[in-house]
Amino acid sequence: MIKAVLAVLILMSTDSRVQGHTAPLESEVLTDPIELRCGAVIKEWRGPTKDLKQVQKLCDLGVKNFHSFIKEKGLKARTGKFSYSLSLIPADSKYRSLNDLKYRFYTRIQKMILSGYTQHGNRYIFTISNQNHPAFDVSLLHELFHAMSHHYGVYDSHKGKNTYEKLCEDEVLATEFTLKLIGKR
């Protein structure tokens, strides 16, 4: 029994994988981050396709329509230039990918397979990098909404509600926003 425990401890101590560091590691950061007109900055981009025009178009579409959508919903948002970091990464569960729940995203509350995830603490949008995937456009627009909701104070304006209710309300708004914009592409 003691030998088995020691073997596990030795294996654990030789594991060089980083746990809980969601932002890109230094080796994953693009040499030249890509600043989009919408205010997002692509800092990590790993995957099979890299069509900057598609990402630029979706980001512009989201930012252009955010404030009018919020106003239409009777909500208020701060003004100013949007700014968030963006990581486009493979959707699989391999080390450092979007669904790596063992290391990169082990603290993520949603333990299901996702095509996108927004983390407000470090101001990052993580979304699938496969632009040929049917969920790519939807995922990017949806996560962009969450980032803008946080950035412009909409998320925090859901007064008198606990965190779970705020998350649910923001999810409903993000879904409505995304569905509305998908037809405008």
# chains A, B, ... in the order shown; residues from 1 in each chain; ligands from 1
call {"tool": "select_by_dssp", "arguments": {"residues": "region 126-169 of chain A", "states": "alpha helix (DSSP H)", "output": "PDB file with C-alpha atoms, in the first residue's frame"}}
result
ATOM      1  CA  PHE A 136     -18.669  28.547 -34.216  1.00  0.00           C
ATOM      2  CA  ASP A 137     -20.659  31.697 -35.097  1.00  0.00           C
ATOM      3  CA  VAL A 138     -23.261  31.088 -32.398  1.00  0.00           C
ATOM      4  CA  SER A 139     -20.645  30.415 -29.745  1.00  0.00           C
ATOM      5  CA  LEU A 140     -18.569  33.504 -30.523  1.00  0.00           C
ATOM      6  CA  LEU A 141     -21.581  35.842 -30.570  1.00  0.00           C
ATOM      7  CA  HIS A 142     -23.029  34.292 -27.412  1.00  0.00           C
ATOM      8  CA  GLU A 143     -19.786  34.596 -25.441  1.00  0.00           C
ATOM      9  CA  LEU A 144     -19.215  38.081 -26.814  1.00  0.00           C
ATOM     10  CA  PHE A 145     -22.577  39.075 -25.328  1.00  0.00           C
ATOM     11  CA  HIS A 146     -21.527  37.797 -21.885  1.00  0.00           C
ATOM     12  CA  ALA A 147     -18.273  39.746 -22.108  1.00  0.00           C
ATOM     13  CA  MET A 148     -20.051  42.952 -23.162  1.00  0.00           C
ATOM     14  CA  SER A 149     -22.713  42.465 -20.480  1.00  0.00           C
ATOM     15  CA  HIS A 150     -19.975  42.369 -17.876  1.00  0.00           C
ATOM     16  CA  HIS A 151     -17.898  45.146 -19.463  1.00  0.00           C
ATOM     17  CA  THR A 163     -25.301  35.156  -8.481  1.00  0.00           C
ATOM     18  CA  TYR A 164     -27.203  32.145  -9.836  1.00  0.00           C
ATOM     19  CA  GLU A 165     -30.201  34.295 -10.851  1.00  0.00           C
ATOM     20  CA  LYS A 166     -27.890  36.848 -12.474  1.00  0.00           C
ATOM     21  CA  LEU A 167     -26.167  34.103 -14.444  1.00  0.00           C
ATOM     22  CA  CYS A 168     -29.513  32.700 -15.569  1.00  0.00           C
ATOM     23  CA  GLU A 169     -30.803  36.113 -16.620  1.00  0.00           C
TER      24      GLU A 169
END
call {"tool": "residues_around", "arguments": {"residues": "Gly20 (chain A)", "least_positions_apart": "4", "cutoff": "9 Å", "atoms": "only C-alpha atoms", "output": "number ranges by chain"}}
result
A: 102-107
call {"tool": "closest_residue", "arguments": {"among": "A:His21, A:Lys81, A:Lys180, A:His133", "to": "Thr49 (chain A)", "atoms": "only C-alpha atoms"}}
result
A:His133
call {"tool": "select_by_dssp", "arguments": {"residues": "region 12-179 of chain A", "states": "strand (DSSP E or B)", "output": "NGL selection string"}}
result
:A and (34-35 or 40-45 or 84-89 or 116-119 or 124-128)
call {"tool": "residues_around", "arguments": {"residues": "region 27-44 of chain A", "least_positions_apart": "3", "cutoff": "9 Å", "atoms": "only C-alpha atoms", "output": "list of chain:residue names"}}
result
A:Pro24, A:Val55, A:Gln56, A:Cys59, A:Asp60, A:Leu61, A:Gly62, A:Val63, A:Lys64, A:Lys81, A:Phe82, A:Ser83, A:Tyr84, A:Ser85, A:Leu86, A:Ser87, A:Leu88, A:Ile89
call {"tool": "atom_distance", "arguments": {"atom1": "CA of Gly116 (chain A)", "atom2": "CA of Pro90 (chain A)"}}
result
10.4 Å
